[in-house]
$ cat model.txt   # compact mmCIF, C-alpha atoms
# COMPACT_ATOMS: atom_id res chain seq x y z
CA MET L 1 -100.23 88.86 -148.49
CA THR L 2 -103.54 87.00 -148.05
CA ARG L 3 -102.68 84.64 -150.89
CA ARG L 4 -99.25 84.00 -149.42
CA LEU L 5 -100.73 83.21 -146.00
CA ALA L 6 -103.21 80.79 -147.56
CA GLU L 7 -100.59 78.96 -149.63
CA VAL L 8 -98.16 78.59 -146.75
CA ALA L 9 -100.90 77.50 -144.36
CA LYS L 10 -102.07 74.84 -146.80
CA LYS L 11 -98.49 73.64 -147.38
CA VAL L 12 -97.80 73.22 -143.66
CA GLY L 13 -101.29 72.16 -142.60
CA VAL L 14 -101.86 74.95 -140.07
CA SER L 15 -104.15 77.98 -139.89
CA GLU L 16 -103.43 81.29 -141.58
CA ALA L 17 -103.39 82.87 -138.14
CA THR L 18 -100.49 80.59 -137.14
CA VAL L 19 -98.57 81.54 -140.28
CA SER L 20 -99.20 85.20 -139.51
CA ARG L 21 -97.83 84.80 -135.98
CA VAL L 22 -94.64 83.22 -137.33
CA LEU L 23 -94.13 85.93 -139.95
CA ASN L 24 -94.64 88.66 -137.36
CA GLY L 25 -92.39 87.03 -134.78
CA LYS L 26 -95.16 86.63 -132.21
CA PRO L 27 -95.13 83.96 -129.45
CA GLY L 28 -97.51 81.02 -129.13
CA VAL L 29 -96.05 78.86 -131.92
CA SER L 30 -93.90 75.76 -131.34
CA GLN L 31 -90.37 75.69 -132.72
CA ALA L 32 -91.23 72.77 -135.02
CA THR L 33 -94.21 74.65 -136.51
CA ARG L 34 -92.14 77.81 -136.87
CA GLN L 35 -89.45 75.92 -138.81
CA ALA L 36 -92.08 74.24 -140.98
CA VAL L 37 -93.59 77.62 -141.89
CA LEU L 38 -90.20 79.10 -142.73
CA SER L 39 -89.30 76.06 -144.85
CA ALA L 40 -92.63 76.36 -146.68
CA LEU L 41 -91.84 79.99 -147.48
CA ASP L 42 -88.54 78.89 -148.99
CA VAL L 43 -90.07 76.04 -150.99
CA LEU L 44 -92.85 78.24 -152.37
CA GLY L 45 -90.35 80.93 -153.39
CA TYR L 46 -91.48 83.66 -150.99
CA GLU L 47 -88.95 85.91 -149.29
CA ARG L 48 -88.72 85.66 -145.54
CA PRO L 49 -89.55 88.77 -143.52
CA THR L 50 -86.45 90.88 -142.92
CA GLN L 51 -86.21 89.95 -139.24
CA LEU L 52 -86.20 86.23 -140.11
CA ARG L 53 -83.48 86.24 -142.76
CA GLY L 54 -80.52 85.91 -140.45
CA GLU L 55 -80.56 82.13 -140.20
CA ARG L 56 -79.92 79.66 -142.98
CA ALA L 57 -83.00 77.94 -144.37
CA ARG L 58 -83.80 74.47 -143.07
CA LEU L 59 -83.68 73.20 -146.63
CA VAL L 60 -81.43 70.47 -148.00
CA GLY L 61 -80.85 70.06 -151.71
CA LEU L 62 -81.11 66.47 -152.95
CA VAL L 63 -79.55 66.45 -156.42
CA LEU L 64 -80.22 63.39 -158.60
CA PRO L 65 -79.23 62.72 -162.22
CA GLU L 66 -82.60 61.16 -163.13
CA LEU L 67 -85.68 59.40 -161.78
CA GLN L 68 -86.13 56.75 -164.48
CA ASN L 69 -83.54 54.50 -162.82
CA PRO L 70 -85.44 53.25 -159.74
CA ILE L 71 -82.34 53.30 -157.54
CA PHE L 72 -82.47 57.11 -157.35
CA PRO L 73 -86.09 57.41 -156.15
CA ALA L 74 -85.23 54.73 -153.60
CA PHE L 75 -82.35 56.81 -152.24
CA ALA L 76 -84.53 59.93 -152.32
CA GLU L 77 -87.23 58.22 -150.25
CA VAL L 78 -84.83 57.09 -147.52
CA ILE L 79 -82.83 60.33 -147.38
CA GLY L 80 -85.92 62.53 -147.59
CA GLY L 81 -87.60 60.64 -144.76
CA ALA L 82 -84.55 60.84 -142.51
CA LEU L 83 -84.18 64.57 -143.19
CA ALA L 84 -87.83 65.18 -142.33
CA GLN L 85 -87.37 63.45 -138.98
CA LEU L 86 -84.72 66.08 -138.18
CA GLY L 87 -86.93 68.99 -139.20
CA LEU L 88 -85.08 69.49 -142.49
CA THR L 89 -86.98 69.85 -145.76
CA PRO L 90 -85.54 68.08 -148.84
CA VAL L 91 -85.62 69.99 -152.13
CA LEU L 92 -85.52 67.48 -154.98
CA CYS L 93 -83.39 68.61 -157.92
CA THR L 94 -83.55 66.24 -160.89
CA GLN L 95 -81.53 66.89 -164.00
CA THR L 96 -83.14 66.64 -167.41
CA LYS L 97 -81.54 66.35 -170.82
CA GLY L 98 -81.22 69.82 -172.26
CA GLY L 99 -82.75 71.29 -169.11
CA VAL L 100 -81.43 72.45 -165.75
CA SER L 101 -77.88 71.24 -165.12
CA GLU L 102 -76.28 70.19 -161.86
CA ALA L 103 -74.37 73.48 -161.76
CA ASP L 104 -77.61 75.44 -162.32
CA TYR L 105 -79.21 73.64 -159.40
CA VAL L 106 -76.27 74.52 -157.19
CA ASP L 107 -76.75 78.21 -158.02
CA LEU L 108 -80.46 77.97 -157.20
CA LEU L 109 -79.78 76.19 -153.91
CA LEU L 110 -77.20 78.79 -152.90
CA GLN L 111 -79.76 81.52 -153.58
CA GLN L 112 -82.16 79.72 -151.23
CA GLN L 113 -79.50 79.63 -148.49
CA VAL L 114 -79.82 75.88 -148.06
CA SER L 115 -78.43 74.18 -144.98
CA GLY L 116 -76.72 71.48 -147.04
CA VAL L 117 -76.67 69.45 -150.25
CA VAL L 118 -76.67 65.71 -150.96
CA PHE L 119 -75.55 64.51 -154.39
CA ALA L 120 -76.37 60.99 -155.62
CA GLY L 121 -75.06 59.85 -158.99
CA GLY L 122 -73.71 63.23 -160.07
CA LEU L 123 -70.75 64.61 -161.99
CA TYR L 124 -68.52 64.11 -158.94
CA ALA L 125 -68.26 60.43 -159.99
CA GLN L 126 -66.86 61.33 -163.44
CA ALA L 127 -63.21 62.33 -163.50
CA ASP L 128 -63.46 64.29 -166.77
CA ALA L 129 -66.64 66.22 -165.93
CA PRO L 130 -66.73 69.90 -164.81
CA HIS L 131 -66.49 70.28 -161.04
CA GLU L 132 -66.43 74.05 -160.47
CA HIS L 133 -69.88 74.06 -158.84
CA TYR L 134 -68.60 71.76 -156.09
CA GLU L 135 -65.80 74.23 -155.43
CA ARG L 136 -68.42 76.99 -155.00
CA LEU L 137 -70.12 74.93 -152.32
CA ALA L 138 -66.81 74.32 -150.56
CA ASP L 139 -65.92 78.02 -150.71
CA ARG L 140 -69.26 78.89 -149.09
CA LYS L 141 -68.71 76.15 -146.48
CA ILE L 142 -72.02 74.49 -147.32
CA PRO L 143 -72.31 70.98 -145.81
CA VAL L 144 -72.18 68.37 -148.58
CA VAL L 145 -72.31 64.56 -148.71
CA LEU L 146 -71.69 62.50 -151.85
CA VAL L 147 -73.21 59.08 -152.55
CA ASN L 148 -71.09 56.41 -154.27
CA ALA L 149 -67.49 56.89 -155.32
CA ALA L 150 -66.45 60.49 -155.83
CA ILE L 151 -63.18 61.51 -157.42
CA PRO L 152 -60.62 61.98 -154.62
CA HIS L 153 -59.70 65.68 -154.69
CA LEU L 154 -63.18 67.14 -154.01
CA GLY L 155 -62.72 66.86 -150.25
CA PHE L 156 -66.30 66.03 -149.22
CA PRO L 157 -67.40 63.10 -147.02
CA GLY L 158 -69.04 60.28 -148.91
CA VAL L 159 -71.13 57.15 -148.42
CA SER L 160 -70.58 54.30 -150.88
CA CYS L 161 -71.39 50.69 -151.53
CA ASP L 162 -68.14 48.70 -151.81
CA ASP L 163 -67.74 48.22 -155.56
CA ALA L 164 -64.85 45.77 -155.19
CA VAL L 165 -66.81 43.47 -152.88
CA ALA L 166 -69.85 43.72 -155.17
CA LEU L 167 -67.78 42.62 -158.15
CA GLU L 168 -66.20 39.77 -156.21
CA HIS L 169 -69.62 38.44 -155.17
CA ALA L 170 -70.85 38.49 -158.76
CA TRP L 171 -67.65 37.03 -160.24
CA ARG L 172 -67.48 34.13 -157.78
CA HIS L 173 -71.15 33.37 -158.35
CA LEU L 174 -70.70 33.12 -162.11
CA SER L 175 -67.46 31.17 -161.72
CA SER L 176 -69.17 28.67 -159.40
CA LEU L 177 -71.70 28.09 -162.20
CA GLY L 178 -68.90 27.17 -164.61
CA HIS L 179 -68.71 30.43 -166.58
CA GLU L 180 -65.20 31.03 -167.91
CA ARG L 181 -65.95 33.80 -170.41
CA ILE L 182 -67.19 36.50 -168.05
CA GLY L 183 -67.73 40.02 -169.39
CA LEU L 184 -68.42 43.39 -167.81
CA VAL L 185 -70.93 46.02 -168.93
CA LEU L 186 -69.83 49.24 -167.23
CA GLY L 187 -70.44 52.97 -167.37
CA PRO L 188 -68.21 55.50 -169.18
CA ALA L 189 -64.42 55.24 -168.91
CA ASP L 190 -64.16 58.12 -166.41
CA HIS L 191 -66.94 56.79 -164.15
CA MET L 192 -65.33 56.05 -160.77
CA PRO L 193 -67.62 53.21 -159.54
CA SER L 194 -67.20 51.42 -162.88
CA GLY L 195 -63.44 51.87 -162.66
CA ARG L 196 -63.44 50.27 -159.23
CA LYS L 197 -65.43 47.30 -160.51
CA LEU L 198 -63.02 46.83 -163.41
CA ALA L 199 -59.99 46.96 -161.10
CA ALA L 200 -61.62 44.37 -158.83
CA ALA L 201 -62.37 42.09 -161.78
CA ARG L 202 -58.75 42.17 -162.85
CA ALA L 203 -57.72 41.35 -159.27
CA VAL L 204 -59.92 38.23 -158.97
CA GLY L 205 -59.65 36.83 -162.50
CA GLU L 206 -58.38 37.34 -166.01
CA ILE L 207 -60.59 39.53 -168.17
CA PRO L 208 -59.42 40.57 -171.64
CA ASP L 209 -60.18 44.08 -172.84
CA GLU L 210 -62.54 42.71 -175.49
CA TYR L 211 -64.78 41.37 -172.70
CA VAL L 212 -65.31 44.85 -171.25
CA GLY L 213 -68.17 46.95 -172.66
CA ARG L 214 -68.77 50.63 -171.91
CA ALA L 215 -72.18 52.27 -172.12
CA MET L 216 -74.35 55.08 -170.86
CA PHE L 217 -76.62 53.95 -168.01
CA SER L 218 -79.67 52.95 -170.03
CA ILE L 219 -81.33 49.81 -171.37
CA GLU L 220 -80.27 50.84 -174.87
CA GLY L 221 -76.67 51.27 -173.75
CA GLY L 222 -76.62 47.87 -172.10
CA HIS L 223 -78.17 46.29 -175.18
CA ALA L 224 -75.55 47.74 -177.53
CA ALA L 225 -72.58 46.81 -175.33
CA ALA L 226 -73.86 43.28 -174.66
CA SER L 227 -74.51 42.58 -178.35
CA ARG L 228 -70.81 43.05 -179.06
CA LEU L 229 -69.71 40.93 -176.10
CA ILE L 230 -72.11 38.09 -176.93
CA ASP L 231 -70.61 37.96 -180.43
CA ARG L 232 -67.18 37.60 -178.76
CA GLY L 233 -68.33 34.54 -176.83
CA VAL L 234 -69.18 35.96 -173.40
CA THR L 235 -71.66 33.75 -171.50
CA GLY L 236 -71.72 35.48 -168.09
CA PHE L 237 -72.32 39.20 -167.63
CA ILE L 238 -71.65 41.43 -164.64
CA CYS L 239 -73.28 44.84 -165.01
CA ALA L 240 -72.74 48.17 -163.29
CA SER L 241 -76.50 48.69 -162.79
CA ASP L 242 -79.77 46.81 -163.03
CA ILE L 243 -80.79 49.01 -165.95
CA LEU L 244 -77.72 47.91 -167.91
CA ALA L 245 -78.47 44.30 -166.96
CA LEU L 246 -81.97 44.57 -168.43
CA GLY L 247 -80.34 45.79 -171.63
CA VAL L 248 -78.14 42.67 -171.64
CA VAL L 249 -81.21 40.44 -171.26
CA ARG L 250 -82.84 42.22 -174.19
CA ALA L 251 -79.71 41.82 -176.34
CA ALA L 252 -79.60 38.07 -175.65
CA ARG L 253 -83.25 37.68 -176.59
CA ARG L 254 -82.79 39.62 -179.81
CA LYS L 255 -80.14 37.05 -180.69
CA GLU L 256 -82.59 34.27 -179.72
CA LEU L 257 -80.43 33.19 -176.79
CA ASN L 258 -82.17 32.02 -173.63
CA VAL L 259 -81.49 33.75 -170.30
CA PRO L 260 -80.21 31.99 -168.23
CA GLY L 261 -79.87 28.87 -170.42
CA ARG L 262 -77.27 30.40 -172.77
CA VAL L 263 -76.44 33.73 -171.14
CA SER L 264 -76.33 34.53 -167.42
CA VAL L 265 -76.72 38.11 -166.18
CA VAL L 266 -75.92 39.77 -162.83
CA GLY L 267 -77.09 43.32 -162.17
CA TYR L 268 -76.16 45.84 -159.51
CA ASP L 269 -78.41 47.83 -157.12
CA ASP L 270 -81.39 45.49 -156.56
CA SER L 271 -83.66 48.38 -157.46
CA ALA L 272 -87.44 48.18 -157.40
CA LEU L 273 -89.22 45.43 -159.37
CA MET L 274 -86.08 43.45 -160.27
CA ASN L 275 -87.76 40.42 -158.71
CA CYS L 276 -90.66 40.91 -161.15
CA THR L 277 -88.68 40.88 -164.41
CA GLU L 278 -88.61 37.84 -166.68
CA PRO L 279 -86.50 36.13 -165.58
CA PRO L 280 -86.18 37.70 -162.11
CA LEU L 281 -82.79 39.42 -162.02
CA THR L 282 -79.84 38.11 -160.03
CA THR L 283 -78.19 41.23 -158.70
CA VAL L 284 -75.93 42.73 -156.03
CA ARG L 285 -77.99 44.71 -153.54
CA GLN L 286 -76.91 48.10 -152.24
CA PRO L 287 -77.94 48.60 -148.58
CA ILE L 288 -79.95 51.71 -149.43
CA GLU L 289 -81.60 52.12 -146.03
CA ALA L 290 -78.34 52.04 -144.08
CA MET L 291 -76.51 54.17 -146.63
CA GLY L 292 -79.25 56.81 -146.75
CA ARG L 293 -79.33 57.17 -142.98
CA ALA L 294 -75.55 57.46 -142.84
CA VAL L 295 -75.73 60.25 -145.45
CA VAL L 296 -78.17 62.22 -143.30
CA GLU L 297 -76.13 61.65 -140.12
CA LEU L 298 -73.00 63.02 -141.83
CA LEU L 299 -74.88 65.99 -143.23
CA ASN L 300 -76.62 66.81 -139.96
CA ALA L 301 -73.34 66.68 -138.07
CA GLN L 302 -71.91 69.28 -140.43
CA ILE L 303 -75.02 71.46 -140.19
CA ASN L 304 -74.63 71.42 -136.40
CA GLY L 305 -71.04 72.60 -136.67
CA GLN L 306 -69.31 69.30 -135.98
CA ALA L 307 -66.10 68.44 -137.80
CA VAL L 308 -66.56 65.59 -140.29
CA ALA L 309 -63.58 63.97 -142.00
CA ALA L 310 -63.54 64.02 -145.79
CA GLU L 311 -63.57 60.25 -145.88
CA GLU L 312 -65.66 57.60 -147.59
CA LEU L 313 -67.80 55.20 -145.61
CA LEU L 314 -67.99 51.84 -147.40
CA PHE L 315 -71.06 49.63 -146.98
CA GLU L 316 -71.17 45.90 -147.67
CA PRO L 317 -73.31 44.75 -150.61
CA GLU L 318 -75.28 41.50 -150.75
CA LEU L 319 -75.64 39.05 -153.65
CA VAL L 320 -79.30 38.26 -154.38
CA VAL L 321 -79.58 35.13 -156.53
CA ARG L 322 -82.69 34.87 -158.70
CA GLY L 323 -83.51 33.45 -162.10
CA SER L 324 -81.15 35.24 -164.54
CA THR L 325 -78.10 33.07 -163.74
CA ALA L 326 -77.58 29.34 -164.27
CA GLN L 327 -74.91 26.78 -165.17
CA ALA L 328 -72.72 27.79 -168.08
CA PRO L 329 -73.70 26.23 -171.44
CA ARG L 330 -71.60 23.19 -172.33
CA SER L 331 -70.98 24.19 -175.92
$ encode --input "model.txt" --output "structure tokens"
Amino acid sequence: MTRRLAEVAKKVGVSEATVSRVLNGKPGVSQATRQAVLSALDVLGYERPTQLRGERARLVGLVLPELQNPIFPAFAEVIGGALAQLGLTPVLCTQTKGGVSEADYVDLLLQQQVSGVVFAGGLYAQADAPHEHYERLADRKIPVVLVNAAIPHLGFPGVSCDDAVALEHAWRHLSSLGHERIGLVLGPADHMPSGRKLAAARAVGEIPDEYVGRAMFSIEGGHAAASRLIDRGVTGFICASDILALGVVRAARRKELNVPGRVSVVGYDDSALMNCTEPPLTTVRQPIEAMGRAVVELLNAQINGQAVAAEELLFEPELVVRGSTAQAPRS
């Protein structure tokens, strides 16, 4: 008991006596401090006292596919900060290859009686992936919000950047620079945001199938896909993420082609440090701050018992022109 008091007190930044008063249901502690102590118990894995188990924990699961892509830590920072302002404690759940899966995290979060779950970049965006763990959350009536283009039948509210508008911005930029052989480097075939970008490309211009590359979201994947498209004559690339775009830049350099002199590249996200690459990356910026706050507003409304429509809020992206795009080569 003494060790538990000390750990919780250190976590919250209060005295052990204050923690003891909360655990014993005694007066003299503010509601905010009481909630912070209870959340700390949950985070540290301690059971709440019997008389305090009736209410759902003030925890929110934040499930991310990885942290290597800087867009996900950026979302986590905004969402985590907005949750904290509401007295909710984010529990970061990051998947690892061969480690804990998204479904495993859902089971753990349900055991902790979380108040809600936010998913960013998860299996909900892949039509052919398993989705049973989302159904478990729906059956338990756990508030959920999805970030960026879920498959339609899941029935959760979502917050997305408008993929079609993002593609149009990038396409028109490259077209204005004289590029006629524009290619796409996208995610897997069942990835919903990539599918939206492809549909938008076919709506604004002609793009043959051989100018469309599919890859996992990594520098290596972008490199492999771009190498094939460069050999087919593509001079302007629109990518489904900044990480893929960096792979395209690397592929061009391996073929001793200058970026942007011979190959122009447009990324997507405007994640951290893209203005520090060589050359600085032209990209389409997601409005992360506005999207993150909208996610928390939707989640908090559900937690407070308000009805929220299972609709998708679309946010406008912004083209950020830097040094990785230039006039199309003449030959």
$ residues_around --input "model.txt" --residues "L:Pro157" --least-positions-apart "4" --cutoff "9 Å" --atoms "all atoms listed in the file" --output "ChimeraX atom specification"
/L:144-147,295,298-299,308-313
$ residues_around --input "model.txt" --residues "L:His191" --least-positions-apart "3" --cutoff "9 Å" --atoms "all atoms listed in the file" --output "PyMOL selection string"
chain L and resi 123+125-128+149+186-188+194-196
$ residues_around --input "model.txt" --residues "stretch 274-287 of chain L" --least-positions-apart "6" --cutoff "9 Å" --atoms "only C-alpha atoms" --output "ChimeraX atom specification"
/L:160-162,166-167,169-170,238-239,241-242,245-246,249,259-260,264-268,315-325
$ closest_residue --input "model.txt" --among "L:Thr18, L:Gln302, L:Gln327, L:Gln85" --to "L:Leu177" --atoms "only C-alpha atoms"
L:Gln327
$ atom_distance --input "model.txt" --atom1 "atom CA of L:Gln35" --atom2 "atom CA of L:Phe72"
27.3 Å
$ closest_residue --input "model.txt" --among "L:Asp163, L:Phe237, L:Val37, L:Thr96" --to "L:Asn148" --atoms "all atoms listed in the file"
L:Asp163
